[in-house]
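final32.txt (compact mmCIF, C-alpha atoms) appears below.
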# COMPACT_ATOMS: atom_id res chain seq x y z
CA MET A 1 0.00 0.00 0.00
CA ARG A 2 1.20 3.54 -0.71
CA ILE A 3 1.38 5.41 2.59
CA ALA A 4 2.38 8.99 3.36
CA VAL A 5 3.98 9.87 6.67
CA LEU A 6 3.77 13.60 7.31
CA GLY A 7 6.49 14.67 9.71
CA THR A 8 10.15 13.81 10.19
CA GLY A 9 10.40 13.69 13.98
CA MET A 10 10.61 10.69 16.27
CA VAL A 11 6.97 9.71 15.74
CA GLY A 12 7.16 9.98 11.96
CA ASP A 13 10.40 8.01 11.87
CA THR A 14 8.98 5.29 14.11
CA ILE A 15 5.70 4.94 12.22
CA GLY A 16 7.41 5.16 8.84
CA SER A 17 10.01 2.56 9.78
CA LYS A 18 7.35 0.09 10.87
CA LEU A 19 5.41 0.62 7.66
CA VAL A 20 8.54 0.04 5.56
CA GLU A 21 9.27 -3.09 7.57
CA LEU A 22 5.76 -4.32 6.77
CA GLY A 23 6.42 -3.87 3.05
CA HIS A 24 4.45 -0.69 2.36
CA ASP A 25 5.52 1.94 -0.18
CA VAL A 26 6.27 4.84 2.18
CA MET A 27 6.96 8.49 1.43
CA MET A 28 7.95 10.82 4.25
CA GLY A 29 6.73 14.38 3.81
CA SER A 30 8.23 17.59 5.16
CA ARG A 31 8.33 21.30 4.36
CA THR A 32 11.25 20.96 1.97
CA PRO A 33 12.04 18.20 -0.57
CA GLN A 34 15.59 17.66 0.72
CA ASN A 35 14.86 17.66 4.45
CA GLU A 36 17.88 16.18 6.27
CA GLU A 37 15.84 13.95 8.59
CA ALA A 38 13.83 12.61 5.66
CA GLN A 39 17.00 11.88 3.71
CA ALA A 40 18.42 10.07 6.75
CA PHE A 41 15.18 8.04 6.90
CA ILE A 42 15.67 6.96 3.28
CA ALA A 43 19.30 6.05 3.90
CA LYS A 44 18.43 4.05 7.00
CA HIS A 45 16.06 1.94 4.93
CA ASN A 46 18.47 1.45 2.03
CA ASN A 47 16.38 3.56 -0.35
CA LYS A 48 13.27 1.42 0.22
CA ALA A 49 11.43 4.61 1.21
CA LYS A 50 10.89 7.97 -0.47
CA ALA A 51 10.85 11.58 0.65
CA GLY A 52 9.32 14.81 -0.62
CA THR A 53 7.29 17.79 0.42
CA PHE A 54 4.03 17.45 2.33
CA ALA A 55 2.27 17.93 -1.01
CA ASP A 56 4.36 15.21 -2.66
CA ALA A 57 3.61 12.79 0.16
CA ALA A 58 -0.12 13.54 0.11
CA ARG A 59 -0.16 12.85 -3.62
CA HIS A 60 1.71 9.57 -3.09
CA GLY A 61 -0.31 8.14 -0.21
CA GLU A 62 -3.50 6.15 -0.32
CA ILE A 63 -3.49 6.57 3.46
CA LEU A 64 -1.80 9.45 5.31
CA PHE A 65 -0.34 9.49 8.82
CA ASN A 66 -0.24 12.93 10.45
CA CYS A 67 2.91 12.85 12.57
CA THR A 68 3.55 16.59 12.46
CA SER A 69 3.58 18.79 15.53
CA GLY A 70 0.05 19.76 16.42
CA LEU A 71 0.72 23.45 15.81
CA GLY A 72 1.86 22.68 12.27
CA SER A 73 -0.69 20.05 11.27
CA VAL A 74 -3.25 22.21 9.48
CA GLU A 75 -0.61 24.20 7.60
CA ALA A 76 1.12 21.01 6.50
CA LEU A 77 -2.14 19.70 5.07
CA LYS A 78 -2.99 23.04 3.46
CA SER A 79 0.19 22.76 1.41
CA ALA A 80 -1.33 19.77 -0.43
CA SER A 81 -4.03 20.11 -3.06
CA GLU A 82 -7.60 19.09 -2.34
CA ASN A 83 -7.37 16.49 -5.11
CA ASP A 84 -4.52 14.80 -3.24
CA LEU A 85 -6.40 14.77 0.07
CA ASN A 86 -10.09 14.34 -0.60
CA GLY A 87 -11.47 10.86 0.00
CA LYS A 88 -8.31 9.63 1.69
CA ILE A 89 -7.91 8.37 5.27
CA LEU A 90 -5.81 10.56 7.55
CA VAL A 91 -4.60 8.83 10.70
CA ASP A 92 -4.14 11.74 13.09
CA ILE A 93 -1.50 10.95 15.71
CA ALA A 94 -0.69 14.58 16.52
CA ASN A 95 -1.50 16.32 19.78
CA PRO A 96 -2.31 20.04 20.29
CA LEU A 97 0.71 20.73 22.48
CA ASP A 98 1.59 24.37 23.19
CA PHE A 99 5.20 24.90 24.30
CA SER A 100 5.02 28.71 24.23
CA LYS A 101 5.37 28.90 28.03
CA GLY A 102 7.92 26.13 28.31
CA MET A 103 7.55 22.76 29.95
CA PRO A 104 5.24 21.09 30.61
CA PRO A 105 3.23 22.10 27.55
CA SER A 106 -0.42 23.04 27.69
CA LEU A 107 -3.06 22.29 25.05
CA PHE A 108 -3.93 25.01 22.53
CA VAL A 109 -7.38 23.52 21.91
CA VAL A 110 -9.34 21.73 24.63
CA ASN A 111 -12.72 20.81 26.15
CA THR A 112 -15.20 21.75 23.42
CA ASN A 113 -12.91 21.14 20.46
CA SER A 114 -9.86 19.13 19.43
CA LEU A 115 -7.09 19.20 16.88
CA ALA A 116 -8.65 16.26 15.05
CA GLU A 117 -11.98 18.13 14.82
CA GLU A 118 -10.20 21.21 13.50
CA ILE A 119 -8.57 19.09 10.80
CA GLN A 120 -11.88 17.46 9.94
CA LEU A 121 -13.60 20.86 9.79
CA LYS A 122 -11.00 22.36 7.47
CA PHE A 123 -10.78 19.25 5.28
CA PRO A 124 -14.36 17.90 5.28
CA LEU A 125 -13.77 15.33 2.52
CA VAL A 126 -10.81 13.74 4.33
CA LYS A 127 -11.63 10.73 6.51
CA VAL A 128 -9.92 11.72 9.75
CA VAL A 129 -9.31 8.95 12.28
CA LYS A 130 -7.71 9.81 15.61
CA ALA A 131 -5.41 7.01 16.76
CA LEU A 132 -2.22 6.18 18.68
CA ASN A 133 -1.85 9.65 20.24
CA THR A 134 -2.08 8.45 23.85
CA MET A 135 1.31 6.72 24.12
CA TRP A 136 5.03 6.85 23.47
CA CYS A 137 5.81 6.08 19.84
CA GLY A 138 7.77 2.92 20.64
CA LEU A 139 4.58 1.31 21.96
CA MET A 140 2.56 2.45 18.94
CA VAL A 141 4.35 -0.03 16.70
CA ASN A 142 5.37 -2.62 19.28
CA PRO A 143 2.61 -3.14 21.85
CA GLY A 144 4.11 -6.49 22.82
CA MET A 145 6.93 -4.76 24.67
CA LEU A 146 4.50 -4.03 27.53
CA ASN A 147 2.37 -6.57 29.44
CA ASN A 148 2.57 -9.04 26.53
CA GLY A 149 0.61 -6.56 24.42
CA ASP A 150 -2.42 -6.63 26.72
CA HIS A 151 -3.28 -2.94 26.94
CA ASN A 152 -5.56 -0.59 25.06
CA THR A 153 -5.44 1.78 22.16
CA PHE A 154 -8.29 3.86 20.77
CA VAL A 155 -9.76 5.15 17.53
CA ALA A 156 -12.28 7.93 16.90
CA GLY A 157 -13.71 9.24 13.66
CA ASN A 158 -16.85 9.82 11.65
CA ASP A 159 -16.33 7.18 8.95
CA ALA A 160 -16.87 3.58 10.09
CA ALA A 161 -15.09 2.02 7.11
CA ALA A 162 -12.08 4.29 7.62
CA LYS A 163 -11.86 3.27 11.26
CA GLU A 164 -11.97 -0.40 10.27
CA LYS A 165 -9.11 0.18 7.84
CA VAL A 166 -7.07 1.92 10.51
CA GLN A 167 -7.77 -0.92 12.92
CA ASP A 168 -6.40 -3.35 10.32
CA ILE A 169 -3.19 -1.32 10.21
CA LEU A 170 -3.00 -1.30 14.01
CA LYS A 171 -3.38 -5.07 14.02
CA SER A 172 -0.47 -5.31 11.59
CA PHE A 173 1.55 -3.31 14.16
CA GLY A 174 0.78 -6.05 16.69
CA TRP A 175 -2.33 -4.74 18.41
CA SER A 176 -4.95 -7.32 19.33
CA GLY A 177 -8.41 -6.53 18.02
CA LYS A 178 -9.89 -6.93 21.49
CA ASN A 179 -7.63 -4.15 22.76
CA ILE A 180 -8.59 -1.60 20.08
CA LEU A 181 -11.53 0.41 21.41
CA ASP A 182 -13.65 2.48 19.00
CA LEU A 183 -14.80 5.46 21.05
CA GLY A 184 -17.17 6.87 18.44
CA ASP A 185 -17.18 9.97 16.26
CA ILE A 186 -14.46 12.57 15.84
CA THR A 187 -15.61 14.57 18.90
CA LYS A 188 -14.25 11.74 21.04
CA SER A 189 -10.81 12.99 20.07
CA ARG A 190 -11.25 15.63 22.77
CA GLY A 191 -10.77 13.10 25.55
CA LEU A 192 -7.91 11.38 23.74
CA GLU A 193 -6.05 14.65 23.39
CA MET A 194 -6.88 15.84 26.91
CA TYR A 195 -5.21 12.69 28.27
CA LEU A 196 -1.85 14.22 27.34
CA PRO A 197 -1.45 16.37 30.48
CA LEU A 198 -1.91 13.25 32.62
CA TRP A 199 0.51 11.31 30.38
CA LEU A 200 3.10 14.04 30.79
CA SER A 201 2.63 14.07 34.58
CA ILE A 202 3.10 10.30 34.78
CA TYR A 203 6.17 10.55 32.57
CA GLY A 204 7.58 13.29 34.78
CA ALA A 205 6.96 11.28 37.95
CA THR A 206 8.40 8.01 36.61
CA ASN A 207 10.94 9.21 34.02
CA ASN A 208 9.61 6.39 31.84
CA GLY A 209 7.48 6.68 28.72
CA ALA A 210 6.85 2.96 28.29
CA PHE A 211 3.45 2.80 29.96
CA ASN A 212 -0.12 2.69 28.71
CA ILE A 213 -3.78 2.33 29.64
CA LYS A 214 -5.53 -0.99 30.22
CA ILE A 215 -9.29 -0.88 30.66
CA VAL A 216 -10.42 -3.18 33.46
CA SER A 217 -14.10 -3.70 34.22
As structure tokens - that is how I would like this structure written.
Amino acid sequence: MRIAVLGTGMVGDTIGSKLVELGHDVMMGSRTPQNEEAQAFIAKHNNKAKAGTFADAARHGEILFNCTSGLGSVEALKSASENDLNGKILVDIANPLDFSKGMPPSLFVVNTNSLAEEIQLKFPLVKVVKALNTMWCGLMVNPGMLNNGDHNTFVAGNDAAAKEKVQDILKSFGWSGKNILDLGDITKSRGLEMYLPLWLSIYGATNNGAFNIKIVS
């Protein structure tokens, strides 16, 4: 499958590397076509991946992963044409983190809105699915490293078929179907994004990012 990974940071590299490992045709997108991190990503994978601008990657991908910083997500998508976005699934991993006052960051959208909803509003023909934003990126692609993989991840979005497709990708990452919880429509992204302050507090108290949620009832 042709997949675009928007963003060259740790999350984009981790997601992109897993997708290459699984045999997908991956293009990493960034602001500039010769981005150093993107070129390093290609080299690391022995030229089995591609790199280009955000617009190039959007054109390439049948499915897009938004791994940009939350503040830059909408602008990154705006740089692509509507023809290269409309009808496609966008897996939104980004969080609306605001570092303007230092650490720990706050959220620049909260309570009655979310970054995922803002993306969906501005790109109404894109099938936005919120996923994987509640954990350290190492766990996103290797859930088995914690509690034998028995912990939860979540999806939210308006399109049921798109969420099913994203769940299939998560299963290919190693997630068990019983541990993928569909929370409902895109407004449920609010809670997923508002979990980040708690995540950051736990990380600060334990100095360890390898933890996650398990729903017990």
* **Selection near Leu200 (chain A), 9 Å with all atoms listed in the file, sequence-local residues under 6 positions removed, as a list in words** => Pro104, Pro105 and Gly209 of chain A
Need the shell around Met103 (chain A): protein/DNA/RNA residues with any atom at most 12 Å away, counting only C-alpha atoms. Skip same-chain ones fewer than 6 positions apart. Format as a PDB file with C-alpha atoms, in the frame of the given file?
ATOM      1  CA  LEU A  97       0.710  20.730  22.480  1.00  0.00           C
ATOM      2  CA  PRO A 197      -1.450  16.370  30.480  1.00  0.00           C
ATOM      3  CA  LEU A 200       3.100  14.040  30.790  1.00  0.00           C
ATOM      4  CA  SER A 201       2.630  14.070  34.580  1.00  0.00           C
ATOM      5  CA  GLY A 204       7.580  13.290  34.780  1.00  0.00           C
TER       6      GLY A 204
END
* To do: Could you tell me which of A:Met28, A:Val155, A:Met145, A:Ile93 comes closest to Gly174 (chain A) if we count only C-alpha atoms?
  => A:Met145
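From CA of Ile42 (chain A) back to CA of Ser69 (chain A), the distance works out to 20.9 Å.
Across A:Asn147, A:Ser172, A:Ser81, A:Thr187, the tightest approach to Gly23 (chain A) is made by A:Ser172 when counting all atoms listed in the file.
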* Can you tell me how far CA of Ala58 (chain A) sits from CA of Asn133 (chain A), in Å to one decimal? -> 20.6 Å
* To do: Pull the neighbourhood of (-5.6, -7.0, 29.1) for me: all residues within 7 Å in file coordinates, counting only C-alpha atoms, as a list in words.
  => Asp150, His151 and Lys214 of chain A
Expected file: the selected residues, C-alpha atoms, as a PDB file, in the frame of the given file:
ATOM      1  CA  ASP A 150      -2.420  -6.630  26.720  1.00  0.00           C
ATOM      2  CA  HIS A 151      -3.280  -2.940  26.940  1.00  0.00           C
ATOM      3  CA  LYS A 214      -5.530  -0.990  30.220  1.00  0.00           C
TER       4      LYS A 214
END
* **Test item: residues at most 8 Å from region 34-41 of chain A, only C-alpha atoms, excluding those fewer than 2 positions along its chain, as a ChimeraX atom specification** => /A:8-9,13,28-32,43-45,49,51-52
Axis-aligned box over every listed atom of region 83-93 of chain A, padded by 8 Å per side: centre and edges in Å to one decimal, as JSON?
{"center_x": -6.5, "center_y": 12.4, "center_z": 5.3, "size_x": 26.0, "size_y": 24.1, "size_z": 36.8}
* Shortest interatomic distance to Ser106 (chain A) - which of A:Leu132, A:Val26, A:Leu71, A:Leu125, counting only C-alpha atoms -> A:Leu71
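Checking A:Arg2, A:His60, A:Lys163, A:Lys130 one by one against Arg190 (chain A), counting only C-alpha atoms, you find the shortest gap at A:Lys130.
Put simply, CA of Asn66 (chain A) is 9.5 Å away from CA of Val11 (chain A).
In terms of minimum interatomic distance to Met135 (chain A), A:Tyr195 ranks closest within A:Tyr195, A:Phe65, A:Phe54, A:Phe99, counting all atoms listed in the file.
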* Contacts of Ala162 (chain A) at 10 Å (all atoms listed in the file; same-chain gap of 3+ positions) as a ChimeraX atom specification -> /A:63,88-91,127-129,156-159,165-168
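For the set A:Gly102, A:Gly61, A:Gly191, A:Gly149, the residue with the smallest atom-to-atom gap to Lys171 (chain A) is A:Gly149, counting all atoms listed in the file.
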